[in-house]
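**Student:** Okay, here's the structure, questions in a sec.
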Amino acid sequence: MSETTHILVIDDEKNYLLVLEALLTDAGYAVTALNDPETALAFLEESEVDVVITDMKMPRVTGREVLERVKKTWPHIPVCIMTAFGSIEGAVDVMKYGAFDYITKPFSNDELLLSVQNAAELSRVHRQYRALRANLEERYGTHQIIGRSKAIREVLDMVDRAAPSRSTVLITGESGTGKELVARAIHFSSPRNSGPFVSVNCMALNPGVLESELFGHEKGSFTGAMAMRRGRFEQADGGTLFLDEIGELTPELQVKLLRVLQERRFERVGGGDEIEVDIRVVAATNKDLQKEVENGTFREDLYYRLNVVHVALPPLRERREDIPLLVGHFVEKLARDNGMRPKTFTPEAHDYLTGYEWPGNIRQLQNVVERCLVLVASDTVGVDDLPPEIRDEESQLKSAVDLLPVRLDLADTLEKIEAALIRRALVRAEFVQVKAAELLGISKSLLQYKLKKYGITGH
């Protein structure tokens with residue numbers, strides 16, 4: 001047992017308190033022994049306790065009342081009830097209220113230590129679980145969606161509004177824009193956050209394997225099915241199922257998915273029994289599903305089932321003001337994860353990063369930052385340290401031209417270029433409008449007019 005395991009013992013009989021304190025201390029536990037249950041409950045408010053041992057019959061506050069209070073306020077703490085031999089029936093009754101175990105008086109030392117050891121182990125598991133949950137929430141909460149641009153603030157607002165419901169969510173955006181991160185943020189911001197988050201990439205598996213992966217299969221349902229297997233829908237029961245690349249589903253799987261969304265029931269491959277699940281589905285795609293519907297490759301009824309809440313993620317080139325924030329975030333995270341010293345990107349390097357079109361979006365930016373952390377010897381990353389495609393202005397121009405429409409509207413294109421230059425100047429000026437106007441060679445009032453014209457946030 002761990003020396004850090006803290007046991008709170010409550011008994012109005014001081015002799016039992018002394019015996020229990022000595023026994024548990026000798027066994028290596030940290031022990032707090034109190035003869036007043038009201039004092040003990042107040043102690044719990046201010047202290048970290050792993051296991052509670054309480055007598056059943058006490059004046060003013062009974063052991064059952066202590067149990068009910070602990071289970072209501074600190075449900076992760078196991079409670080062992082001590083009772084006289086003649087009151088075993090009452091002790092069994094409190095087990096229904098969540099007691100971990102009951103110990104009869106007079107007790108066997110070995111029996112008591114075994115019960116406490118089991119309770120301490122359960123407490124340790126609960127502690128690890130809570131730490132894991134905190135880690136996951138820290139890693140995937142909405143604050144991990146980095147940015148202050150208008151576009152990303154709209155995404156965060158949509159996540160906050162969608163998370164409390166069980167409505168299906170469709171996330172769209174180019175590859176590398178962070179669709180799975182948003183799906184996890186929705187899950188961990190929702191009432192389902194204590195349930196599982198299960199992810200499956202619909203493009204990574206062939207249709208036959210994907211069907212079994214989603215719905216599971218019964219033993220002997222096909223060659224190689226040596227045992228029954230639960231699919232992702234069952235694994236996600238009580239939580240969230242994230243279906244990435246949903247546009248890759250075959251027509252047959254689209255029909256099956258539609259039925260699950262409508263009825264919350266399905267059958268395993270090769271099975272006949274219906275399985276009911278309580279899940280929330282979050283889907284994602286980099287395709288235009290509306291066009292897929294028009295082309296007849298995606299079911300219209302399934303599209304509307306999925307598109308109850310639509311979260312559209314902007315490409316990185318449309319939120320350039322977020323690039324310095326993302327660079328700083330990746331520098332800190334990657335340096336910490338790899339045990340390296342953080343590096344600083346020069347203002348000139350930031351200009352090139354901000355001006356690049358980022359066809360691979362955030363994923364590409366993270367890879368570039370990681371490459372610089374690994375390969376650059378000094379603590380400062382300059383323009384010459386950036387990959388050739390980033391610092392090559394001809395490459396940047398070609399990348400920008402490639403993104404222009406085939407049918408070019410000159411006035412519209414010039415406005416887009418002007419808006420991009422304004423965003424870049426704001427980033428370089430750290431969103432001080434006077435400085436940005438100076439960089440652009442225009443007055444502050446003209447800059448403010450253009451900010452309003454293009455819907456650009458000036459902060």
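Letters A, B, ... mark the chains of the structure tokens in the order given; residue numbers begin at 1 per chain; ligand numbers begin at 1, in order shown.
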Would you mind listing what lies within 8 Å of Ile103 of chain A as a PDB file with all heavy atoms, in the first residue's frame, with only C-alpha atoms counted and same-chain residues fewer than 3 positions away left out?
**Tutor:**
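Output below, filename out.pdb:
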```pdb
ATOM      1  N   CYS A  80     -16.065   2.463   4.180  1.00  0.00           N
ATOM      2  CA  CYS A  80     -16.247   1.192   4.874  1.00  0.00           C
ATOM      3  C   CYS A  80     -17.032   1.452   6.163  1.00  0.00           C
ATOM      4  O   CYS A  80     -16.689   2.358   6.925  1.00  0.00           O
ATOM      5  CB  CYS A  80     -14.899   0.546   5.212  1.00  0.00           C
ATOM      6  SG  CYS A  80     -13.909   0.118   3.754  1.00  0.00           S
ATOM      7  N   ILE A  81     -18.068   0.662   6.387  1.00  0.00           N
ATOM      8  CA  ILE A  81     -18.933   0.825   7.555  1.00  0.00           C
ATOM      9  C   ILE A  81     -18.566  -0.214   8.617  1.00  0.00           C
ATOM     10  O   ILE A  81     -18.448  -1.409   8.313  1.00  0.00           O
ATOM     11  CB  ILE A  81     -20.413   0.653   7.167  1.00  0.00           C
ATOM     12  CG1 ILE A  81     -20.838   1.719   6.157  1.00  0.00           C
ATOM     13  CG2 ILE A  81     -21.301   0.690   8.403  1.00  0.00           C
ATOM     14  CD1 ILE A  81     -20.980   3.105   6.709  1.00  0.00           C
ATOM     15  N   MET A  82     -18.370   0.242   9.860  1.00  0.00           N
ATOM     16  CA  MET A  82     -18.145  -0.670  10.996  1.00  0.00           C
ATOM     17  C   MET A  82     -19.446  -0.815  11.779  1.00  0.00           C
ATOM     18  O   MET A  82     -20.148   0.180  12.020  1.00  0.00           O
ATOM     19  CB  MET A  82     -17.052  -0.120  11.924  1.00  0.00           C
ATOM     20  CG  MET A  82     -15.669  -0.105  11.317  1.00  0.00           C
ATOM     21  SD  MET A  82     -14.417   0.371  12.532  1.00  0.00           S
ATOM     22  CE  MET A  82     -14.953   2.027  12.940  1.00  0.00           C
ATOM     23  N   THR A  83     -19.761  -2.028  12.154  1.00  0.00           N
ATOM     24  CA  THR A  83     -21.007  -2.254  12.883  1.00  0.00           C
ATOM     25  C   THR A  83     -20.837  -3.416  13.862  1.00  0.00           C
ATOM     26  O   THR A  83     -20.002  -4.297  13.646  1.00  0.00           O
ATOM     27  CB  THR A  83     -22.158  -2.568  11.903  1.00  0.00           C
ATOM     28  OG1 THR A  83     -23.363  -2.742  12.626  1.00  0.00           O
ATOM     29  CG2 THR A  83     -21.884  -3.818  11.093  1.00  0.00           C
ATOM     30  N   PHE A 107     -13.530  -6.856  15.263  1.00  0.00           N
ATOM     31  CA  PHE A 107     -13.047  -7.224  13.934  1.00  0.00           C
ATOM     32  C   PHE A 107     -11.740  -7.996  14.022  1.00  0.00           C
ATOM     33  O   PHE A 107     -10.967  -7.876  14.983  1.00  0.00           O
ATOM     34  CB  PHE A 107     -12.854  -5.980  13.056  1.00  0.00           C
ATOM     35  CG  PHE A 107     -12.020  -4.902  13.683  1.00  0.00           C
ATOM     36  CD1 PHE A 107     -10.637  -5.009  13.751  1.00  0.00           C
ATOM     37  CD2 PHE A 107     -12.619  -3.769  14.224  1.00  0.00           C
ATOM     38  CE1 PHE A 107      -9.872  -4.009  14.326  1.00  0.00           C
ATOM     39  CE2 PHE A 107     -11.866  -2.764  14.797  1.00  0.00           C
ATOM     40  CZ  PHE A 107     -10.487  -2.882  14.849  1.00  0.00           C
ATOM     41  N   LEU A 112      -9.869  -6.627   8.496  1.00  0.00           N
ATOM     42  CA  LEU A 112      -9.963  -5.180   8.348  1.00  0.00           C
ATOM     43  C   LEU A 112      -8.898  -4.664   7.381  1.00  0.00           C
ATOM     44  O   LEU A 112      -9.193  -3.837   6.505  1.00  0.00           O
ATOM     45  CB  LEU A 112      -9.806  -4.497   9.703  1.00  0.00           C
ATOM     46  CG  LEU A 112      -9.931  -2.951   9.646  1.00  0.00           C
ATOM     47  CD1 LEU A 112     -10.801  -2.440  10.770  1.00  0.00           C
ATOM     48  CD2 LEU A 112      -8.555  -2.298   9.712  1.00  0.00           C
TER      49      LEU A 112
END
```
**Student:** DSSP says strand (DSSP E) for which residues of segment 38-120 of chain A? Put them as a PDB file with N, CA, C and O atoms, in the first residue's frame?
**Tutor:**
```
ATOM      1  N   VAL A  51      -9.783   7.070   1.769  1.00  0.00           N
ATOM      2  CA  VAL A  51     -10.735   6.069   2.260  1.00  0.00           C
ATOM      3  C   VAL A  51     -11.328   6.569   3.569  1.00  0.00           C
ATOM      4  O   VAL A  51     -10.622   7.154   4.397  1.00  0.00           O
ATOM      5  N   VAL A  52     -12.632   6.349   3.750  1.00  0.00           N
ATOM      6  CA  VAL A  52     -13.300   6.675   5.012  1.00  0.00           C
ATOM      7  C   VAL A  52     -13.760   5.384   5.675  1.00  0.00           C
ATOM      8  O   VAL A  52     -14.361   4.529   5.027  1.00  0.00           O
ATOM      9  N   ILE A  53     -13.449   5.251   6.967  1.00  0.00           N
ATOM     10  CA  ILE A  53     -13.982   4.159   7.783  1.00  0.00           C
ATOM     11  C   ILE A  53     -14.831   4.800   8.877  1.00  0.00           C
ATOM     12  O   ILE A  53     -14.329   5.628   9.643  1.00  0.00           O
ATOM     13  N   THR A  54     -16.103   4.440   8.934  1.00  0.00           N
ATOM     14  CA  THR A  54     -16.983   5.069   9.916  1.00  0.00           C
ATOM     15  C   THR A  54     -17.825   4.032  10.652  1.00  0.00           C
ATOM     16  O   THR A  54     -18.247   3.028  10.062  1.00  0.00           O
ATOM     17  N   ASP A  55     -18.020   4.293  11.935  1.00  0.00           N
ATOM     18  CA  ASP A  55     -18.907   3.430  12.723  1.00  0.00           C
ATOM     19  C   ASP A  55     -20.343   3.682  12.284  1.00  0.00           C
ATOM     20  O   ASP A  55     -20.686   4.771  11.800  1.00  0.00           O
ATOM     21  N   VAL A  79     -16.187   4.131   1.150  1.00  0.00           N
ATOM     22  CA  VAL A  79     -16.567   4.214   2.558  1.00  0.00           C
ATOM     23  C   VAL A  79     -16.791   2.806   3.102  1.00  0.00           C
ATOM     24  O   VAL A  79     -17.586   2.033   2.562  1.00  0.00           O
ATOM     25  N   CYS A  80     -16.065   2.463   4.180  1.00  0.00           N
ATOM     26  CA  CYS A  80     -16.247   1.192   4.874  1.00  0.00           C
ATOM     27  C   CYS A  80     -17.032   1.452   6.163  1.00  0.00           C
ATOM     28  O   CYS A  80     -16.689   2.358   6.925  1.00  0.00           O
ATOM     29  N   ILE A  81     -18.068   0.662   6.387  1.00  0.00           N
ATOM     30  CA  ILE A  81     -18.933   0.825   7.555  1.00  0.00           C
ATOM     31  C   ILE A  81     -18.566  -0.214   8.617  1.00  0.00           C
ATOM     32  O   ILE A  81     -18.448  -1.409   8.313  1.00  0.00           O
ATOM     33  N   MET A  82     -18.370   0.242   9.860  1.00  0.00           N
ATOM     34  CA  MET A  82     -18.145  -0.670  10.996  1.00  0.00           C
ATOM     35  C   MET A  82     -19.446  -0.815  11.779  1.00  0.00           C
ATOM     36  O   MET A  82     -20.148   0.180  12.020  1.00  0.00           O
ATOM     37  N   THR A  83     -19.761  -2.028  12.154  1.00  0.00           N
ATOM     38  CA  THR A  83     -21.007  -2.254  12.883  1.00  0.00           C
ATOM     39  C   THR A  83     -20.837  -3.416  13.862  1.00  0.00           C
ATOM     40  O   THR A  83     -20.002  -4.297  13.646  1.00  0.00           O
ATOM     41  N   ALA A  84     -21.631  -3.373  14.926  1.00  0.00           N
ATOM     42  CA  ALA A  84     -21.602  -4.477  15.890  1.00  0.00           C
ATOM     43  C   ALA A  84     -22.129  -5.747  15.224  1.00  0.00           C
ATOM     44  O   ALA A  84     -22.908  -5.702  14.276  1.00  0.00           O
ATOM     45  N   ASP A 101     -17.715  -1.557   1.794  1.00  0.00           N
ATOM     46  CA  ASP A 101     -17.666  -2.810   2.553  1.00  0.00           C
ATOM     47  C   ASP A 101     -18.161  -2.529   3.972  1.00  0.00           C
ATOM     48  O   ASP A 101     -18.304  -1.378   4.376  1.00  0.00           O
ATOM     49  N   TYR A 102     -18.481  -3.583   4.706  1.00  0.00           N
ATOM     50  CA  TYR A 102     -18.793  -3.416   6.123  1.00  0.00           C
ATOM     51  C   TYR A 102     -17.895  -4.332   6.939  1.00  0.00           C
ATOM     52  O   TYR A 102     -17.493  -5.406   6.501  1.00  0.00           O
ATOM     53  N   ILE A 103     -17.565  -3.862   8.133  1.00  0.00           N
ATOM     54  CA  ILE A 103     -16.646  -4.568   9.026  1.00  0.00           C
ATOM     55  C   ILE A 103     -17.354  -4.767  10.354  1.00  0.00           C
ATOM     56  O   ILE A 103     -17.870  -3.813  10.937  1.00  0.00           O
ATOM     57  N   THR A 104     -17.398  -6.010  10.820  1.00  0.00           N
ATOM     58  CA  THR A 104     -18.108  -6.291  12.076  1.00  0.00           C
ATOM     59  C   THR A 104     -17.180  -6.117  13.273  1.00  0.00           C
ATOM     60  O   THR A 104     -15.997  -6.431  13.213  1.00  0.00           O
ATOM     61  N   LYS A 105     -17.759  -5.585  14.355  1.00  0.00           N
ATOM     62  CA  LYS A 105     -17.039  -5.460  15.630  1.00  0.00           C
ATOM     63  C   LYS A 105     -17.451  -6.617  16.540  1.00  0.00           C
ATOM     64  O   LYS A 105     -18.645  -6.916  16.627  1.00  0.00           O
TER      65      LYS A 105
END
```
**Student:** Which of segment 290-368 of chain A counts as helix (DSSP H, G or I) under DSSP, as an MDAnalysis selection string please?
**Tutor:** chainID A and resid 290:295 300:306 316:318 320:338 347:355 361:368
**Student:** Write out as a compact mmCIF listing (two decimals) with all heavy atoms, in the first residue's frame the residues lying within 12 Å of Leu210 of chain A, counting only C-alpha atoms and excluding same-chain residues fewer than 4 positions away.
**Tutor:**
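Result file follows (out-v9.txt):
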```txt
# COMPACT_ATOMS: atom_id res chain seq x y z
N VAL A 200 -13.08 6.87 -35.79
CA VAL A 200 -12.80 5.94 -36.89
C VAL A 200 -12.69 6.74 -38.18
O VAL A 200 -13.49 7.63 -38.44
CB VAL A 200 -13.89 4.85 -37.01
CG1 VAL A 200 -15.26 5.44 -37.24
CG2 VAL A 200 -13.57 3.86 -38.11
N ASN A 201 -11.66 6.42 -38.97
CA ASN A 201 -11.45 7.07 -40.25
C ASN A 201 -12.08 6.21 -41.34
O ASN A 201 -11.61 5.10 -41.61
CB ASN A 201 -9.95 7.27 -40.52
CG ASN A 201 -9.70 8.12 -41.75
OD1 ASN A 201 -10.33 7.96 -42.79
ND2 ASN A 201 -8.74 9.04 -41.65
N CYS A 202 -13.13 6.72 -41.95
CA CYS A 202 -13.90 5.93 -42.92
C CYS A 202 -13.15 5.70 -44.22
O CYS A 202 -13.55 4.86 -45.03
CB CYS A 202 -15.23 6.60 -43.21
SG CYS A 202 -16.29 6.81 -41.76
N MET A 203 -12.06 6.44 -44.45
CA MET A 203 -11.29 6.29 -45.67
C MET A 203 -10.15 5.29 -45.49
O MET A 203 -9.61 4.77 -46.47
CB MET A 203 -10.74 7.64 -46.12
CG MET A 203 -10.07 7.62 -47.48
SD MET A 203 -9.67 9.28 -48.11
CE MET A 203 -8.47 9.81 -46.89
N ALA A 204 -9.79 5.00 -44.24
CA ALA A 204 -8.61 4.18 -43.98
C ALA A 204 -8.86 2.69 -44.17
O ALA A 204 -7.92 1.91 -44.24
CB ALA A 204 -8.10 4.44 -42.57
N LEU A 205 -10.13 2.27 -44.24
CA LEU A 205 -10.47 0.84 -44.31
C LEU A 205 -11.32 0.56 -45.53
O LEU A 205 -12.13 1.40 -45.94
CB LEU A 205 -11.23 0.42 -43.05
CG LEU A 205 -10.51 0.68 -41.71
CD1 LEU A 205 -11.48 0.48 -40.56
CD2 LEU A 205 -9.31 -0.25 -41.57
N ASN A 206 -11.16 -0.65 -46.11
CA ASN A 206 -12.03 -1.00 -47.23
C ASN A 206 -13.44 -1.26 -46.72
O ASN A 206 -13.64 -1.52 -45.53
CB ASN A 206 -11.47 -2.21 -48.00
CG ASN A 206 -11.52 -3.49 -47.19
OD1 ASN A 206 -12.58 -3.88 -46.69
ND2 ASN A 206 -10.39 -4.17 -47.08
N LEU A 214 -17.36 -0.79 -37.69
CA LEU A 214 -18.41 0.07 -37.15
C LEU A 214 -19.44 -0.70 -36.33
O LEU A 214 -19.80 -0.29 -35.23
CB LEU A 214 -19.13 0.80 -38.29
CG LEU A 214 -18.35 1.88 -39.02
CD1 LEU A 214 -19.16 2.40 -40.21
CD2 LEU A 214 -17.99 3.02 -38.10
N PHE A 215 -19.90 -1.83 -36.87
CA PHE A 215 -21.03 -2.53 -36.26
C PHE A 215 -20.65 -3.78 -35.49
O PHE A 215 -21.49 -4.36 -34.80
CB PHE A 215 -22.06 -2.88 -37.34
CG PHE A 215 -22.54 -1.69 -38.11
CD1 PHE A 215 -22.13 -1.48 -39.42
CD2 PHE A 215 -23.39 -0.77 -37.53
CE1 PHE A 215 -22.56 -0.36 -40.13
CE2 PHE A 215 -23.82 0.35 -38.23
CZ PHE A 215 -23.40 0.55 -39.53
N GLY A 216 -19.38 -4.22 -35.60
CA GLY A 216 -18.97 -5.44 -34.94
C GLY A 216 -19.42 -6.66 -35.73
O GLY A 216 -20.08 -6.55 -36.76
N HIS A 217 -19.05 -7.85 -35.25
CA HIS A 217 -19.48 -9.08 -35.94
C HIS A 217 -19.62 -10.21 -34.93
O HIS A 217 -19.05 -10.18 -33.83
CB HIS A 217 -18.49 -9.46 -37.04
CG HIS A 217 -17.09 -9.73 -36.55
ND1 HIS A 217 -16.05 -8.86 -36.78
CD2 HIS A 217 -16.55 -10.77 -35.84
CE1 HIS A 217 -14.94 -9.34 -36.24
NE2 HIS A 217 -15.22 -10.50 -35.66
N GLY A 231 -18.25 -3.54 -32.20
CA GLY A 231 -17.85 -2.50 -33.12
C GLY A 231 -17.75 -1.14 -32.44
O GLY A 231 -18.00 -0.99 -31.24
N ARG A 232 -17.41 -0.13 -33.24
CA ARG A 232 -17.19 1.20 -32.68
C ARG A 232 -18.48 1.80 -32.11
O ARG A 232 -18.42 2.58 -31.17
CB ARG A 232 -16.61 2.12 -33.76
CG ARG A 232 -15.26 1.67 -34.32
CD ARG A 232 -14.17 1.65 -33.26
NE ARG A 232 -12.91 1.22 -33.80
CZ ARG A 232 -11.97 2.03 -34.27
NH1 ARG A 232 -12.17 3.33 -34.27
NH2 ARG A 232 -10.84 1.56 -34.75
N PHE A 233 -19.63 1.45 -32.71
CA PHE A 233 -20.89 1.98 -32.17
C PHE A 233 -21.11 1.49 -30.73
O PHE A 233 -21.52 2.26 -29.86
CB PHE A 233 -22.06 1.58 -33.05
CG PHE A 233 -22.27 2.47 -34.23
CD1 PHE A 233 -21.76 2.13 -35.48
CD2 PHE A 233 -22.94 3.68 -34.11
CE1 PHE A 233 -21.93 2.96 -36.58
CE2 PHE A 233 -23.11 4.52 -35.20
CZ PHE A 233 -22.61 4.15 -36.44
N LEU A 243 -16.87 10.11 -36.78
CA LEU A 243 -16.72 9.47 -38.09
C LEU A 243 -16.00 10.45 -39.02
O LEU A 243 -16.61 11.38 -39.56
CB LEU A 243 -18.08 9.09 -38.66
CG LEU A 243 -18.90 8.08 -37.83
CD1 LEU A 243 -20.27 7.88 -38.45
CD2 LEU A 243 -18.16 6.75 -37.72
N ILE A 246 -16.41 11.10 -43.65
CA ILE A 246 -17.72 10.48 -43.80
C ILE A 246 -18.15 10.41 -45.26
O ILE A 246 -18.95 9.54 -45.65
CB ILE A 246 -18.78 11.27 -42.98
CG1 ILE A 246 -20.08 10.49 -42.85
CG2 ILE A 246 -19.03 12.63 -43.59
CD1 ILE A 246 -20.00 9.32 -41.94
N GLU A 248 -16.64 9.20 -47.64
CA GLU A 248 -16.10 8.02 -48.30
C GLU A 248 -16.97 6.78 -48.11
O GLU A 248 -16.63 5.71 -48.62
CB GLU A 248 -14.69 7.73 -47.78
CG GLU A 248 -13.71 8.89 -47.92
CD GLU A 248 -13.53 9.31 -49.37
OE1 GLU A 248 -13.57 8.42 -50.25
OE2 GLU A 248 -13.34 10.52 -49.61
N LEU A 249 -18.07 6.88 -47.37
CA LEU A 249 -18.91 5.72 -47.13
C LEU A 249 -19.56 5.22 -48.42
O LEU A 249 -20.02 6.02 -49.24
CB LEU A 249 -20.01 6.04 -46.12
CG LEU A 249 -19.62 6.23 -44.66
CD1 LEU A 249 -20.86 6.51 -43.83
CD2 LEU A 249 -18.88 5.02 -44.11
N THR A 250 -19.63 3.90 -48.57
CA THR A 250 -20.33 3.31 -49.72
C THR A 250 -21.84 3.51 -49.55
O THR A 250 -22.32 3.74 -48.43
CB THR A 250 -20.03 1.82 -49.82
OG1 THR A 250 -20.54 1.16 -48.64
CG2 THR A 250 -18.54 1.56 -49.94
N GLU A 252 -24.14 1.33 -49.44
CA GLU A 252 -24.68 0.34 -48.50
C GLU A 252 -24.44 0.77 -47.05
O GLU A 252 -25.34 0.65 -46.20
CB GLU A 252 -24.02 -1.03 -48.76
CG GLU A 252 -24.37 -1.67 -50.09
CD GLU A 252 -23.60 -1.05 -51.26
OE1 GLU A 252 -22.59 -0.35 -51.01
OE2 GLU A 252 -24.03 -1.25 -52.42
N LEU A 253 -23.24 1.26 -46.76
CA LEU A 253 -22.95 1.71 -45.40
C LEU A 253 -23.69 2.99 -45.06
O LEU A 253 -24.04 3.23 -43.90
CB LEU A 253 -21.44 1.90 -45.21
CG LEU A 253 -20.62 0.61 -45.09
CD1 LEU A 253 -19.13 0.93 -44.96
CD2 LEU A 253 -21.08 -0.21 -43.91
N GLN A 254 -23.96 3.82 -46.05
CA GLN A 254 -24.76 5.02 -45.82
C GLN A 254 -26.16 4.65 -45.32
O GLN A 254 -26.70 5.28 -44.41
CB GLN A 254 -24.86 5.85 -47.09
CG GLN A 254 -23.55 6.54 -47.50
CD GLN A 254 -23.70 7.34 -48.78
OE1 GLN A 254 -24.76 7.91 -49.05
NE2 GLN A 254 -22.64 7.38 -49.58
N LYS A 256 -27.01 1.87 -43.71
CA LYS A 256 -26.91 1.35 -42.35
C LYS A 256 -26.68 2.47 -41.34
O LYS A 256 -27.26 2.46 -40.24
CB LYS A 256 -25.78 0.32 -42.27
CG LYS A 256 -26.08 -0.98 -42.98
CD LYS A 256 -25.13 -2.09 -42.53
CE LYS A 256 -25.61 -3.43 -43.06
NZ LYS A 256 -24.82 -4.55 -42.51
N LEU A 257 -25.86 3.44 -41.70
CA LEU A 257 -25.61 4.56 -40.79
C LEU A 257 -26.88 5.37 -40.59
O LEU A 257 -27.19 5.79 -39.46
CB LEU A 257 -24.50 5.45 -41.34
CG LEU A 257 -24.21 6.73 -40.54
CD1 LEU A 257 -23.84 6.41 -39.10
CD2 LEU A 257 -23.11 7.54 -41.22
N VAL A 269 -22.57 -7.68 -37.76
CA VAL A 269 -22.44 -8.45 -39.00
C VAL A 269 -22.61 -9.93 -38.65
O VAL A 269 -21.93 -10.45 -37.76
CB VAL A 269 -21.07 -8.21 -39.66
CG1 VAL A 269 -20.89 -9.11 -40.88
CG2 VAL A 269 -20.91 -6.75 -40.04
```
**Student:** List the neighbours of Arg336 of chain A out to 12 Å using only C-alpha atoms; skip same-chain residues closer than 6 positions along the sequence, and give me the result as a PyMOL selection string.
**Tutor:** chain A and resi 329-330+342-343+370+373
**Student:** For N, CA, C and O atoms, I'd like the residues from the last selection saved as a PDB file, in the first residue's frame.
**Tutor:**
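Okay, this is what ended up in part25.pdb:
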```pdb
ATOM      1  N   HIS A 329       2.318  28.418 -29.752  1.00  0.00           N
ATOM      2  CA  HIS A 329       1.734  27.242 -29.110  1.00  0.00           C
ATOM      3  C   HIS A 329       2.519  25.982 -29.467  1.00  0.00           C
ATOM      4  O   HIS A 329       2.852  25.170 -28.588  1.00  0.00           O
ATOM      5  N   PHE A 330       2.845  25.817 -30.759  1.00  0.00           N
ATOM      6  CA  PHE A 330       3.560  24.612 -31.185  1.00  0.00           C
ATOM      7  C   PHE A 330       4.991  24.598 -30.648  1.00  0.00           C
ATOM      8  O   PHE A 330       5.512  23.530 -30.294  1.00  0.00           O
ATOM      9  N   PRO A 342      12.879  25.775 -25.976  1.00  0.00           N
ATOM     10  CA  PRO A 342      12.082  26.518 -26.967  1.00  0.00           C
ATOM     11  C   PRO A 342      12.964  27.433 -27.800  1.00  0.00           C
ATOM     12  O   PRO A 342      14.043  27.846 -27.371  1.00  0.00           O
ATOM     13  N   LYS A 343      12.517  27.742 -28.999  1.00  0.00           N
ATOM     14  CA  LYS A 343      13.234  28.664 -29.881  1.00  0.00           C
ATOM     15  C   LYS A 343      12.324  29.848 -30.213  1.00  0.00           C
ATOM     16  O   LYS A 343      11.106  29.751 -30.128  1.00  0.00           O
ATOM     17  N   GLU A 370       8.102  22.043 -35.976  1.00  0.00           N
ATOM     18  CA  GLU A 370       8.861  20.929 -35.399  1.00  0.00           C
ATOM     19  C   GLU A 370      10.194  20.746 -36.118  1.00  0.00           C
ATOM     20  O   GLU A 370      11.220  20.498 -35.487  1.00  0.00           O
ATOM     21  N   LEU A 373      12.595  23.335 -34.835  1.00  0.00           N
ATOM     22  CA  LEU A 373      13.062  23.035 -33.477  1.00  0.00           C
ATOM     23  C   LEU A 373      14.140  21.964 -33.492  1.00  0.00           C
ATOM     24  O   LEU A 373      15.108  22.007 -32.733  1.00  0.00           O
TER      25      LEU A 373
END
```
**Student:** Show me, as a ChimeraX atom specification, the residues that have an atom within 6 Å of segment 356-368 of chain A when counting only C-alpha atoms, minus same-chain residues fewer than 5 positions from it.
**Tutor:** /A:176-177,316-317,396
**Student:** Which residues are close to Tyr97 of chain A, i.e. within 12 Å by only C-alpha atoms, leaving aside same-chain residues fewer than 6 positions away? Reply as an NGL selection string.
**Tutor:** :A and (63-72 or 75 or 78-81 or 90-91)
**Student:** Let's have the selection written as a tab-separated table (two decimals), in the first residue's frame, with N, CA and C atoms.
**Tutor:**
```tsv
chain	number	residue	atom	x	y	z
A	63	GLY	N	-23.59	6.62	10.94
A	63	GLY	CA	-22.70	6.19	9.87
A	63	GLY	C	-23.37	6.25	8.50
A	64	ARG	N	-24.67	5.92	8.50
A	64	ARG	CA	-25.39	5.99	7.23
A	64	ARG	C	-25.46	7.42	6.71
A	65	GLU	N	-25.66	8.38	7.59
A	65	GLU	CA	-25.70	9.79	7.18
A	65	GLU	C	-24.33	10.25	6.68
A	66	VAL	N	-23.27	9.77	7.34
A	66	VAL	CA	-21.92	10.07	6.86
A	66	VAL	C	-21.73	9.51	5.46
A	67	LEU	N	-22.17	8.26	5.25
A	67	LEU	CA	-22.06	7.60	3.95
A	67	LEU	C	-22.79	8.41	2.87
A	68	GLU	N	-24.04	8.81	3.17
A	68	GLU	CA	-24.83	9.54	2.18
A	68	GLU	C	-24.18	10.87	1.83
A	69	ARG	N	-23.61	11.55	2.82
A	69	ARG	CA	-22.94	12.83	2.57
A	69	ARG	C	-21.68	12.64	1.72
A	70	VAL	N	-20.90	11.62	2.06
A	70	VAL	CA	-19.67	11.37	1.30
A	70	VAL	C	-20.00	10.99	-0.14
A	71	LYS	N	-20.99	10.11	-0.34
A	71	LYS	CA	-21.34	9.67	-1.69
A	71	LYS	C	-21.90	10.82	-2.53
A	72	LYS	N	-22.54	11.77	-1.87
A	72	LYS	CA	-23.11	12.91	-2.60
A	72	LYS	C	-22.03	13.92	-2.98
A	75	PRO	N	-18.04	11.36	-4.34
A	75	PRO	CA	-18.45	10.01	-4.74
A	75	PRO	C	-17.28	9.06	-5.04
A	78	PRO	N	-14.13	5.67	-1.33
A	78	PRO	CA	-14.76	4.46	-0.79
A	78	PRO	C	-15.02	4.61	0.71
A	79	VAL	N	-16.19	4.13	1.15
A	79	VAL	CA	-16.57	4.21	2.56
A	79	VAL	C	-16.79	2.81	3.10
A	80	CYS	N	-16.06	2.46	4.18
A	80	CYS	CA	-16.25	1.19	4.87
A	80	CYS	C	-17.03	1.45	6.16
A	81	ILE	N	-18.07	0.66	6.39
A	81	ILE	CA	-18.93	0.83	7.56
A	81	ILE	C	-18.57	-0.21	8.62
A	90	GLY	N	-28.45	-4.46	9.17
A	90	GLY	CA	-28.43	-3.02	8.87
A	90	GLY	C	-27.23	-2.64	8.02
A	91	ALA	N	-26.11	-3.32	8.25
A	91	ALA	CA	-24.90	-3.03	7.47
A	91	ALA	C	-25.09	-3.43	6.02
```
**Student:** When distances are computed from only C-alpha atoms, which of A:Thr5, A:Ser189, A:Asn338, A:Asn307 shows the smallest separation from Glu121 of chain A?
**Tutor:**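 Looking at the shortest contact to Glu121 of chain A, the residue is A:Thr5.
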